[in-house]
file target06.cif (mmCIF, C-alpha atoms and all ligand atoms)
data_coords
#
loop_
_atom_site.label_atom_id
_atom_site.label_comp_id
_atom_site.auth_asym_id
_atom_site.auth_seq_id
_atom_site.Cartn_x
_atom_site.Cartn_y
_atom_site.Cartn_z
CA MET A 164 0.00 0.00 0.00
CA SER A 165 1.40 3.40 -0.92
CA ILE A 166 1.17 6.35 1.45
CA GLN A 167 1.14 10.05 0.56
CA GLU A 168 3.01 11.92 3.28
CA LEU A 169 4.00 15.56 3.67
CA CYS A 170 7.57 15.20 4.91
CA THR A 171 9.67 17.82 6.63
CA VAL A 172 13.25 18.05 5.40
CA ARG A 173 15.65 17.22 8.26
CA ASP A 174 18.83 17.71 6.24
CA ASN A 175 19.99 18.09 2.62
CA ARG A 176 23.69 17.62 2.16
CA GLN A 177 25.85 17.84 -0.96
CA LEU A 178 27.96 14.67 -1.25
CA THR A 179 29.74 15.44 -4.55
CA GLY A 180 29.41 18.12 -7.24
CA SER A 181 25.92 16.97 -8.28
CA VAL A 182 24.85 14.35 -5.74
CA PHE A 183 22.81 15.15 -2.63
CA ALA A 184 21.73 13.16 0.44
CA LEU A 185 18.26 14.22 1.54
CA THR A 186 16.90 13.15 4.93
CA LEU A 187 13.15 13.46 5.38
CA GLU A 188 10.92 12.99 8.40
CA ALA A 189 8.60 10.32 7.03
CA PRO A 190 7.36 8.16 9.89
CA ARG A 191 4.64 6.37 7.92
CA ILE A 192 6.57 5.69 4.70
CA SER A 193 9.79 4.74 6.47
CA SER A 194 8.09 2.18 8.68
CA ALA A 195 6.52 0.50 5.62
CA ALA A 196 9.60 0.61 3.35
CA ALA A 197 11.43 -2.52 2.17
CA PRO A 198 14.91 -2.66 0.56
CA GLY A 199 14.82 -1.81 -3.15
CA GLN A 200 11.57 0.16 -3.10
CA PHE A 201 11.34 3.76 -4.22
CA VAL A 202 9.36 6.93 -3.50
CA HIS A 203 7.76 9.35 -5.93
CA ILE A 204 8.36 12.99 -5.08
CA ALA A 205 6.43 16.09 -6.12
CA CYS A 206 9.23 18.51 -7.00
CA GLY A 207 7.44 21.84 -6.57
CA GLU A 208 3.96 22.82 -7.66
CA ALA A 209 5.07 23.82 -11.17
CA ARG A 210 5.99 20.23 -12.12
CA LEU A 211 3.11 17.89 -12.78
CA LEU A 212 5.07 14.64 -12.80
CA ARG A 213 6.63 13.30 -9.63
CA ARG A 214 10.25 12.08 -9.72
CA PRO A 215 11.11 8.50 -8.71
CA ILE A 216 14.00 8.16 -6.22
CA SER A 217 15.15 4.93 -4.56
CA ILE A 218 15.08 4.54 -0.82
CA CYS A 219 18.67 4.49 0.43
CA GLN A 220 17.79 4.01 4.10
CA ALA A 221 14.61 3.98 6.17
CA HIS A 222 14.76 3.88 9.95
CA ASP A 223 13.64 5.73 13.09
CA GLY A 224 10.95 7.60 11.18
CA LEU A 225 13.48 8.98 8.67
CA LEU A 226 13.98 8.38 4.96
CA LYS A 227 17.37 8.93 3.39
CA LEU A 228 17.40 9.50 -0.37
CA VAL A 229 20.52 10.06 -2.43
CA PHE A 230 20.00 11.68 -5.80
CA ALA A 231 21.82 13.39 -8.65
CA ALA A 232 20.61 16.90 -9.48
CA LYS A 233 20.11 16.63 -13.26
CA GLY A 234 17.03 18.32 -14.67
CA GLU A 235 14.44 20.74 -13.31
CA GLY A 236 12.84 18.46 -10.73
CA THR A 237 15.95 17.12 -9.04
CA GLN A 238 17.55 20.59 -9.12
CA TRP A 239 14.48 21.88 -7.26
CA LEU A 240 14.96 19.06 -4.73
CA SER A 241 18.63 19.93 -4.31
CA ARG A 242 17.60 23.44 -3.18
CA CYS A 243 15.31 22.17 -0.39
CA SER A 244 16.64 22.78 3.09
CA ALA A 245 15.85 21.89 6.69
CA GLY A 246 12.27 22.77 7.59
CA ASP A 247 10.90 22.70 4.03
CA VAL A 248 8.01 20.32 3.36
CA VAL A 249 8.04 17.82 0.49
CA ASP A 250 5.10 15.77 -0.82
CA VAL A 251 6.19 12.12 -1.04
CA LEU A 252 4.32 9.03 -2.26
CA GLY A 253 5.63 5.62 -1.25
CA PRO A 254 6.95 3.14 -0.58
CA LEU A 255 6.39 2.02 -4.17
CA GLY A 256 7.23 -1.03 -6.23
CA HIS A 257 8.60 -4.40 -5.54
CA GLY A 258 12.00 -4.51 -3.84
CA PHE A 259 14.70 -7.20 -3.52
CA ASP A 260 13.68 -10.74 -2.54
CA LEU A 261 15.80 -11.26 0.58
CA SER A 262 14.69 -14.86 1.04
CA ALA A 263 16.99 -16.31 -1.61
CA LEU A 264 20.30 -14.52 -1.03
CA GLY A 265 22.23 -17.32 0.68
CA ASP A 266 24.87 -16.54 3.28
CA ARG A 267 27.35 -14.68 1.00
CA PRO A 268 25.36 -12.26 -1.19
CA VAL A 269 27.05 -9.52 -3.20
CA PHE A 270 25.41 -6.10 -3.69
CA ILE A 271 26.57 -4.18 -6.75
CA GLY A 272 25.85 -0.57 -7.59
CA GLY A 273 27.00 1.60 -10.46
CA GLY A 274 27.03 5.40 -10.05
CA ILE A 275 23.68 6.69 -8.84
CA GLY A 276 22.60 3.02 -8.67
CA VAL A 277 24.71 2.67 -5.51
CA PRO A 278 22.29 4.19 -2.91
CA PRO A 279 19.52 1.53 -2.96
CA MET A 280 22.08 -1.21 -2.36
CA LEU A 281 22.93 0.18 1.10
CA GLN A 282 19.66 -0.63 2.84
CA THR A 283 19.57 -4.00 1.04
CA MET A 284 23.08 -4.91 2.20
CA GLN A 285 22.29 -3.80 5.76
CA ALA A 286 19.15 -5.95 5.77
CA ALA A 287 21.14 -8.99 4.60
CA ARG A 288 23.69 -8.45 7.33
CA ALA A 289 20.96 -8.05 9.96
CA ALA A 290 19.59 -11.41 8.78
CA GLY A 291 22.96 -13.07 9.51
CA ALA A 292 24.61 -13.06 6.05
CA GLN A 293 28.18 -12.02 5.32
CA PRO A 294 27.58 -9.47 2.56
CA THR A 295 30.00 -7.89 0.11
CA ALA A 296 29.49 -4.70 -1.92
CA ILE A 297 31.06 -3.88 -5.28
CA LEU A 298 30.60 -0.19 -6.04
CA GLY A 299 31.50 1.40 -9.36
CA PHE A 300 32.12 5.09 -10.07
CA ARG A 301 33.54 7.20 -12.89
CA SER A 302 36.36 8.54 -10.76
CA ARG A 303 37.45 9.30 -7.18
CA ASP A 304 35.37 12.53 -7.15
CA ALA A 305 32.17 10.56 -7.69
CA VAL A 306 32.59 8.07 -4.81
CA ILE A 307 29.67 8.20 -2.35
CA LEU A 308 28.57 6.32 0.80
CA GLU A 309 31.84 4.39 1.13
CA ASP A 310 31.92 4.48 4.96
CA ASP A 311 28.27 3.41 5.23
CA PHE A 312 28.93 0.36 3.07
CA ARG A 313 32.17 -0.49 4.91
CA ALA A 314 30.19 -0.58 8.17
CA ALA A 315 27.97 -3.27 6.64
CA GLY A 316 30.58 -5.70 5.26
CA THR A 317 33.38 -6.19 2.73
CA VAL A 318 33.64 -3.48 0.06
CA TYR A 319 35.39 -3.30 -3.32
CA ILE A 320 35.42 0.04 -5.12
CA ALA A 321 36.13 0.25 -8.84
CA THR A 322 36.65 3.42 -10.84
CA ASP A 323 36.54 3.72 -14.63
CA ASP A 324 39.69 5.85 -14.70
CA GLY A 325 41.59 4.06 -11.92
CA SER A 326 41.78 7.21 -9.77
CA TYR A 327 40.52 5.26 -6.73
CA GLY A 328 40.25 1.57 -5.80
CA ILE A 329 40.39 -1.01 -8.57
CA HIS A 330 40.88 0.29 -12.11
CA GLY A 331 37.99 -1.17 -14.10
CA PHE A 332 34.30 -2.00 -14.03
CA VAL A 333 32.21 -3.69 -11.37
CA SER A 334 31.76 -6.57 -13.82
CA ASP A 335 35.55 -7.18 -13.81
CA VAL A 336 35.49 -7.37 -10.01
CA LEU A 337 32.48 -9.70 -9.96
CA ARG A 338 34.09 -12.00 -12.55
CA ALA A 339 37.27 -12.21 -10.48
CA HIS A 340 35.44 -13.15 -7.25
CA ILE A 341 32.26 -14.85 -8.44
CA GLY A 342 33.10 -18.14 -6.70
CA ALA A 343 32.84 -16.40 -3.32
CA PHE A 344 29.19 -15.42 -3.66
CA THR A 345 25.82 -17.14 -3.28
CA SER A 346 23.72 -14.47 -5.07
CA VAL A 347 23.91 -11.11 -6.83
CA CYS A 348 21.70 -8.01 -6.37
CA CYS A 349 22.43 -4.96 -8.51
CA CYS A 350 21.33 -1.50 -9.61
CA GLY A 351 22.80 0.76 -12.28
CA PRO A 352 22.85 1.33 -16.03
CA LYS A 353 21.20 -1.39 -18.13
CA PRO A 354 24.38 -2.55 -19.94
CA MET A 355 26.02 -3.03 -16.52
CA LEU A 356 23.04 -5.03 -15.24
CA ARG A 357 23.09 -7.21 -18.32
CA ALA A 358 26.83 -7.94 -17.98
CA LEU A 359 26.42 -8.82 -14.29
CA ALA A 360 23.41 -11.04 -15.04
CA GLU A 361 25.45 -12.98 -17.62
CA ILE A 362 28.28 -13.58 -15.14
CA ALA A 363 25.84 -14.73 -12.43
CA GLN A 364 24.01 -16.98 -14.88
CA ALA A 365 27.26 -18.60 -16.03
CA ALA A 366 28.13 -19.26 -12.37
CA GLY A 367 24.64 -20.64 -11.68
CA ILE A 368 23.72 -18.19 -8.92
CA PRO A 369 20.55 -16.07 -8.68
CA CYS A 370 20.71 -12.46 -9.82
CA GLN A 371 18.21 -9.68 -9.09
CA VAL A 372 18.37 -6.43 -11.06
CA SER A 373 16.79 -3.07 -10.25
CA MET A 374 15.62 -1.52 -13.52
CA GLU A 375 15.10 2.15 -14.35
CA GLU A 376 12.50 3.51 -16.80
CA ARG A 377 10.90 6.92 -17.17
CA MET A 378 7.78 7.09 -15.04
CA GLY A 379 4.46 8.85 -15.04
CA CYS A 380 2.08 7.76 -12.29
CA GLY A 381 4.43 5.39 -10.40
CA ILE A 382 1.54 3.13 -9.40
CA GLY A 383 0.80 0.99 -12.46
CA ALA A 384 -1.91 3.14 -14.05
CA CYS A 385 -0.32 4.86 -17.08
CA LEU A 386 2.00 2.40 -18.96
CA VAL A 387 4.85 4.94 -19.28
CA CYS A 388 7.28 2.59 -17.53
CA ALA A 389 6.63 -0.55 -19.63
CA CYS A 390 9.56 -2.95 -19.89
CA ALA A 391 9.98 -6.10 -21.96
CA LEU A 392 9.95 -9.34 -19.97
CA LYS A 393 10.08 -12.99 -20.98
CA ALA A 394 6.84 -14.93 -20.97
CA GLU A 395 6.94 -18.59 -19.90
CA ASP A 396 6.75 -19.75 -23.53
CA GLY A 397 9.74 -17.53 -24.43
CA ALA A 398 7.62 -14.81 -26.09
CA VAL A 399 7.80 -11.16 -24.99
CA ARG A 400 5.38 -9.79 -22.40
CA TYR A 401 5.33 -6.31 -20.95
CA GLY A 402 5.52 -5.41 -17.26
CA HIS A 403 5.46 -2.18 -15.29
CA VAL A 404 8.78 -1.18 -13.75
CA CYS A 405 6.88 0.86 -11.13
CA LYS A 406 4.59 -1.93 -9.96
CA ASP A 407 6.07 -5.29 -11.01
CA GLY A 408 9.60 -3.93 -10.41
CA PRO A 409 11.84 -2.02 -10.15
CA VAL A 410 13.50 -5.28 -9.02
CA PHE A 411 13.24 -8.36 -11.23
CA TYR A 412 15.07 -11.66 -11.37
CA ALA A 413 17.50 -11.29 -14.28
CA GLU A 414 16.10 -14.28 -16.14
CA GLU A 415 12.70 -12.54 -16.34
CA VAL A 416 14.13 -9.58 -18.29
CA GLN A 417 14.11 -9.49 -22.10
CA TRP A 418 17.54 -7.86 -22.49
C1 LIG B 501 12.74 3.29 -9.79
C2 LIG B 501 13.70 4.44 -9.99
C3 LIG B 501 14.56 4.78 -8.97
C4 LIG B 501 15.44 5.85 -9.13
N1 LIG B 501 16.28 6.14 -8.09
C5 LIG B 501 17.11 7.17 -8.22
C6 LIG B 501 17.98 7.52 -7.14
O1 LIG B 501 17.98 6.88 -6.07
N2 LIG B 501 18.80 8.58 -7.31
C7 LIG B 501 18.81 9.31 -8.48
O2 LIG B 501 19.57 10.26 -8.59
N3 LIG B 501 18.02 9.01 -9.50
C8 LIG B 501 17.16 7.97 -9.40
N4 LIG B 501 16.33 7.68 -10.44
C9 LIG B 501 16.38 8.53 -11.64
C10 LIG B 501 15.56 9.80 -11.37
O3 LIG B 501 14.21 9.46 -11.25
C11 LIG B 501 15.74 10.80 -12.50
O4 LIG B 501 17.07 11.24 -12.54
C12 LIG B 501 14.82 12.00 -12.31
O5 LIG B 501 13.46 11.62 -12.44
C13 LIG B 501 15.15 13.08 -13.31
O6 LIG B 501 14.27 14.16 -13.07
P1 LIG B 501 14.72 15.65 -13.40
O7 LIG B 501 13.62 16.54 -13.02
O8 LIG B 501 16.06 15.90 -12.82
O9 LIG B 501 14.96 15.58 -14.96
P2 LIG B 501 14.03 16.08 -16.14
O10 LIG B 501 14.78 15.71 -17.38
O11 LIG B 501 13.59 17.47 -15.97
O12 LIG B 501 12.79 15.11 -16.02
C14 LIG B 501 11.75 15.14 -16.97
C15 LIG B 501 10.92 13.90 -16.78
O13 LIG B 501 11.66 12.75 -17.16
C16 LIG B 501 11.73 11.82 -16.10
N5 LIG B 501 13.07 11.25 -16.06
C17 LIG B 501 14.21 11.85 -16.49
N6 LIG B 501 15.26 11.02 -16.31
C18 LIG B 501 14.76 9.89 -15.76
C19 LIG B 501 15.34 8.66 -15.33
N7 LIG B 501 16.64 8.43 -15.44
N8 LIG B 501 14.53 7.72 -14.77
C20 LIG B 501 13.22 7.93 -14.66
N9 LIG B 501 12.60 9.07 -15.06
C21 LIG B 501 13.37 10.03 -15.59
C22 LIG B 501 11.45 12.65 -14.86
O14 LIG B 501 10.93 11.84 -13.78
C23 LIG B 501 10.46 13.66 -15.36
O15 LIG B 501 9.19 13.10 -15.37
C24 LIG B 501 15.45 6.61 -10.33
C25 LIG B 501 14.59 6.27 -11.37
C26 LIG B 501 13.71 5.20 -11.21
C27 LIG B 501 12.80 4.83 -12.32
S1 LIG B 502 4.70 4.86 -14.19
FE1 LIG B 502 2.60 4.71 -14.68
S2 LIG B 502 2.39 2.59 -15.02
FE2 LIG B 502 4.41 2.76 -14.25
#

call {"tool": "encode", "arguments": {"input": "target06.cif", "output": "structure tokens", "more": "lines below"}}
Ligand SMILES: Cc1cc2nc3c(=O)[nH]c(=O)nc-3n(C[C@H](O)[C@H](O)[C@H](O)COP(=O)(O)OP(=O)(O)OC[C@H]3O[C@@H](n4cnc5c(N)ncnc54)[C@H](O)[C@@H]3O)c2cc1C
Ligand code: FES
result
Amino acid sequence: MSIQELCTVRDNRQLTGSVFALTLEAPRISSAAAPGQFVHIACGEARLLRRPISICQAHDGLLKLVFAAKGEGTQWLSRCSAGDVVDVLGPLGHGFDLSALGDRPVFIGGGIGVPPMLQTMQAARAAGAQPTAILGFRSRDAVILEDDFRAAGTVYIATDDGSYGIHGFVSDVLRAHIGAFTSVCCCGPKPMLRALAEIAQAAGIPCQVSMEERMGCGIGACLVCACALKAEDGAVRYGHVCKDGPVFYAEEVQW
């Protein structure tokens, strides 16, 4: 069930040049939120369409969202400050299935796909698993949330230009260590998700992917977020990223 809540901004902090960590007082949404779900935010009265942002953390009545200020809506959000009130709808969608992770899951995020993996990794650890994170960024300047992930388990950081951590892509790191893991959960650009899904499939371990599509309503009513999935007979069927996802098992996705 989704909840519409008027949330007071507790804090809005700039993490890198364009990335912000927004903490909202959202007692009702945060108590209902599960790892991998998202919220839909009204970014000022002038913008009709809400903006989907993943839940990075939800606890003690607070919601932490980490977002890149790109276009009009997210730039508006980046200007919000403590005491402002934001209209939030959530928690929305279908998050990660935590029942099939095994005892050594790996959580992989690329760029702005990193934030939703934090709450998911923390949940796995709280359930007794020994989680690992593989986090990929363009360069050292773009690294976010490193300390939060380190507090939850083992962390590998990869940068495209080699300016920090391992020089290369998260897929290189996964390939090198795949034998150590019992499952893969990931969020990031589609080509990255596809590459990770292929590695997991070759190793015979389950892989869940969090997909991103443009959204309208966010609740399954408008078809803007349609994505191609595999039907049981191998044909193509269409699902809603907002309602059936954003998280899918990789083998369901028509890449
Ligand atoms: C399920 C989901 C979770 C997401 N989680 C995060 C997150 O945690 N952090 C983060 O920084 N970004 C996240 N995004 C992407 C984020 O929604 C877009 O960057 C944002 O909507 C862009 O809005 P804008 O006003 O800045 O851009 P504009 O270009 O002004 O937006 C115009 C319209 O296009 C839509 N749109 C533009 N880019 C995207 C996009 N990449 N995905 C979906 N809709 C888009 C907007 O929602 C808006 O309706 C997520 C997207 C989805 C679908
Ligand atoms: S955004 Fe409207 S159906 Fe998904």

call {"tool": "residues_around", "arguments": {"input": "target06.cif", "residues": "Gln285 (chain A)", "least_positions_apart": "3", "cutoff": "6 Å", "atoms": "only C-alpha atoms", "output": "mmCIF file with C-alpha atoms, in the frame of the given file"}}
result
data_model
loop_
_atom_site.group_PDB
_atom_site.id
_atom_site.type_symbol
_atom_site.label_atom_id
_atom_site.label_comp_id
_atom_site.auth_asym_id
_atom_site.auth_seq_id
_atom_site.Cartn_x
_atom_site.Cartn_y
_atom_site.Cartn_z
ATOM 1 C CA GLN A 282 19.660 -0.630 2.840
ATOM 2 C CA ARG A 288 23.690 -8.450 7.330
ATOM 3 C CA ALA A 315 27.970 -3.270 6.640
#

call {"tool": "residues_near_point", "arguments": {"input": "target06.cif", "point": "(21.9, -13.8, -6.5)", "cutoff": "10 Å", "atoms": "all atoms listed in the file", "output": "PDB file with C-alpha atoms, in the coordinates of the input"}}
result
ATOM      1  CA  ASP A 260      13.680 -10.740  -2.540  1.00  0.00           C
ATOM      2  CA  LEU A 261      15.800 -11.260   0.580  1.00  0.00           C
ATOM      3  CA  ALA A 263      16.990 -16.310  -1.610  1.00  0.00           C
ATOM      4  CA  LEU A 264      20.300 -14.520  -1.030  1.00  0.00           C
ATOM      5  CA  GLY A 265      22.230 -17.320   0.680  1.00  0.00           C
ATOM      6  CA  ARG A 267      27.350 -14.680   1.000  1.00  0.00           C
ATOM      7  CA  PRO A 268      25.360 -12.260  -1.190  1.00  0.00           C
ATOM      8  CA  VAL A 269      27.050  -9.520  -3.200  1.00  0.00           C
ATOM      9  CA  PHE A 270      25.410  -6.100  -3.690  1.00  0.00           C
ATOM     10  CA  PHE A 344      29.190 -15.420  -3.660  1.00  0.00           C
ATOM     11  CA  THR A 345      25.820 -17.140  -3.280  1.00  0.00           C
ATOM     12  CA  SER A 346      23.720 -14.470  -5.070  1.00  0.00           C
ATOM     13  CA  VAL A 347      23.910 -11.110  -6.830  1.00  0.00           C
ATOM     14  CA  CYS A 348      21.700  -8.010  -6.370  1.00  0.00           C
ATOM     15  CA  CYS A 349      22.430  -4.960  -8.510  1.00  0.00           C
ATOM     16  CA  ALA A 360      23.410 -11.040 -15.040  1.00  0.00           C
ATOM     17  CA  ALA A 363      25.840 -14.730 -12.430  1.00  0.00           C
ATOM     18  CA  GLN A 364      24.010 -16.980 -14.880  1.00  0.00           C
ATOM     19  CA  GLY A 367      24.640 -20.640 -11.680  1.00  0.00           C
ATOM     20  CA  ILE A 368      23.720 -18.190  -8.920  1.00  0.00           C
ATOM     21  CA  PRO A 369      20.550 -16.070  -8.680  1.00  0.00           C
ATOM     22  CA  CYS A 370      20.710 -12.460  -9.820  1.00  0.00           C
ATOM     23  CA  GLN A 371      18.210  -9.680  -9.090  1.00  0.00           C
ATOM     24  CA  VAL A 372      18.370  -6.430 -11.060  1.00  0.00           C
ATOM     25  CA  TYR A 412      15.070 -11.660 -11.370  1.00  0.00           C
ATOM     26  CA  ALA A 413      17.500 -11.290 -14.280  1.00  0.00           C
TER      27      ALA A 413
END

call {"tool": "residues_around", "arguments": {"input": "target06.cif", "residues": "region 170-173 of chain A", "least_positions_apart": "5", "cutoff": "6 Å", "atoms": "all atoms listed in the file", "output": "PyMOL selection string"}}
result
chain A and resi 186-189+245-249

call {"tool": "residues_around", "arguments": {"input": "target06.cif", "residues": "Gly273 (chain A)", "least_positions_apart": "2", "cutoff": "10 Å", "atoms": "all atoms listed in the file", "output": "count of residues only"}}
result
21

call {"tool": "closest_residue", "arguments": {"input": "target06.cif", "among": "A:Ser326, A:Gly397, A:Gly408, A:Ile362", "to": "Ala305 (chain A)", "atoms": "all atoms listed in the file"}}
result
A:Ser326

call {"tool": "closest_residue", "arguments": {"input": "target06.cif", "among": "A:Glu208, A:Asp304, A:Asp223, A:Asp324", "to": "Ser181 (chain A)", "atoms": "all atoms listed in the file"}}
result
A:Asp304

call {"tool": "axis_aligned_box", "arguments": {"input": "target06.cif", "around": "ligand LIG 501 (chain B)", "padding_each_side": "4 Å", "output": "lines of an AutoDock Vina configuration file"}}
result
center_x = 14.4
center_y = 10.4
center_z = -11.7
size_x = 18.4
size_y = 22.2
size_z = 19.3

call {"tool": "closest_atom_pairs", "arguments": {"input": "target06.cif", "of": "chain A", "to": "ligand LIG 501 (chain B)", "cutoff": "8 Å", "atoms": "all atoms listed in the file", "output": "CSV"}}
result
residue,atom,partner,partner_atom,distance
A:Val182,CA,B:LIG501,O2,7.3
A:Gln200,CA,B:LIG501,C1,7.5
A:Phe201,CA,B:LIG501,C1,5.8
A:Val202,CA,B:LIG501,C3,7.8
A:Cys206,CA,B:LIG501,O7,7.7
A:Leu212,CA,B:LIG501,O15,5.1
A:Arg213,CA,B:LIG501,O14,6.2
A:Arg214,CA,B:LIG501,O14,4.1
A:Pro215,CA,B:LIG501,O3,4.1
A:Ile216,CA,B:LIG501,N1,3.6
A:Ser217,CA,B:LIG501,O1,3.8
A:Ile218,CA,B:LIG501,O1,6.4
A:Cys219,CA,B:LIG501,O1,7.0
A:Leu228,CA,B:LIG501,O1,6.3
A:Val229,CA,B:LIG501,N2,5.4
A:Phe230,CA,B:LIG501,O2,3.2
A:Ala231,CA,B:LIG501,O2,3.9
A:Ala232,CA,B:LIG501,O8,5.7
A:Lys233,CA,B:LIG501,O8,4.1
A:Gly234,CA,B:LIG501,O8,3.2
A:Glu235,CA,B:LIG501,O7,4.3
A:Gly236,CA,B:LIG501,O7,3.1
A:Thr237,CA,B:LIG501,O8,4.0
A:Gln238,CA,B:LIG501,O8,6.2
A:Trp239,CA,B:LIG501,O7,7.9
A:Gly256,CA,B:LIG501,C1,7.9
A:Ile275,CA,B:LIG501,O2,5.4
A:Gly276,CA,B:LIG501,O1,6.6
A:Val277,CA,B:LIG501,O1,8.0
A:Pro278,CA,B:LIG501,O1,6.0
A:Pro279,CA,B:LIG501,O1,6.4
A:Ser373,CA,B:LIG501,C1,7.6
A:Met374,CA,B:LIG501,C1,6.7
A:Glu375,CA,B:LIG501,C27,4.1
A:Glu376,CA,B:LIG501,C27,4.7
A:Arg377,CA,B:LIG501,N9,3.5
A:Met378,CA,B:LIG501,N9,5.2
A:Gly379,CA,B:LIG501,O15,6.4
A:Cys388,CA,B:LIG501,C27,7.9
A:Val404,CA,B:LIG501,C1,7.2
A:Cys405,CA,B:LIG501,C1,6.5
A:Gly408,CA,B:LIG501,C1,7.9
A:Pro409,CA,B:LIG501,C1,5.4

call {"tool": "atom_distance", "arguments": {"input": "target06.cif", "atom1": "CA of Leu226 (chain A)", "atom2": "CA of Gly383 (chain A)"}}
result
23.1 Å

call {"tool": "closest_residue", "arguments": {"input": "target06.cif", "among": "A:Thr317, A:Ser302, A:Ser194, A:Ser262", "to": "Ala290 (chain A)", "atoms": "only C-alpha atoms"}}
result
A:Ser262

call {"tool": "atom_distance", "arguments": {"input": "target06.cif", "atom1": "CA of Ala358 (chain A)", "atom2": "CA of Asp266 (chain A)"}}
result
23.0 Å

call {"tool": "atom_distance", "arguments": {"input": "target06.cif", "atom1": "CA of Leu392 (chain A)", "atom2": "CA of Trp418 (chain A)"}}
result
8.1 Å
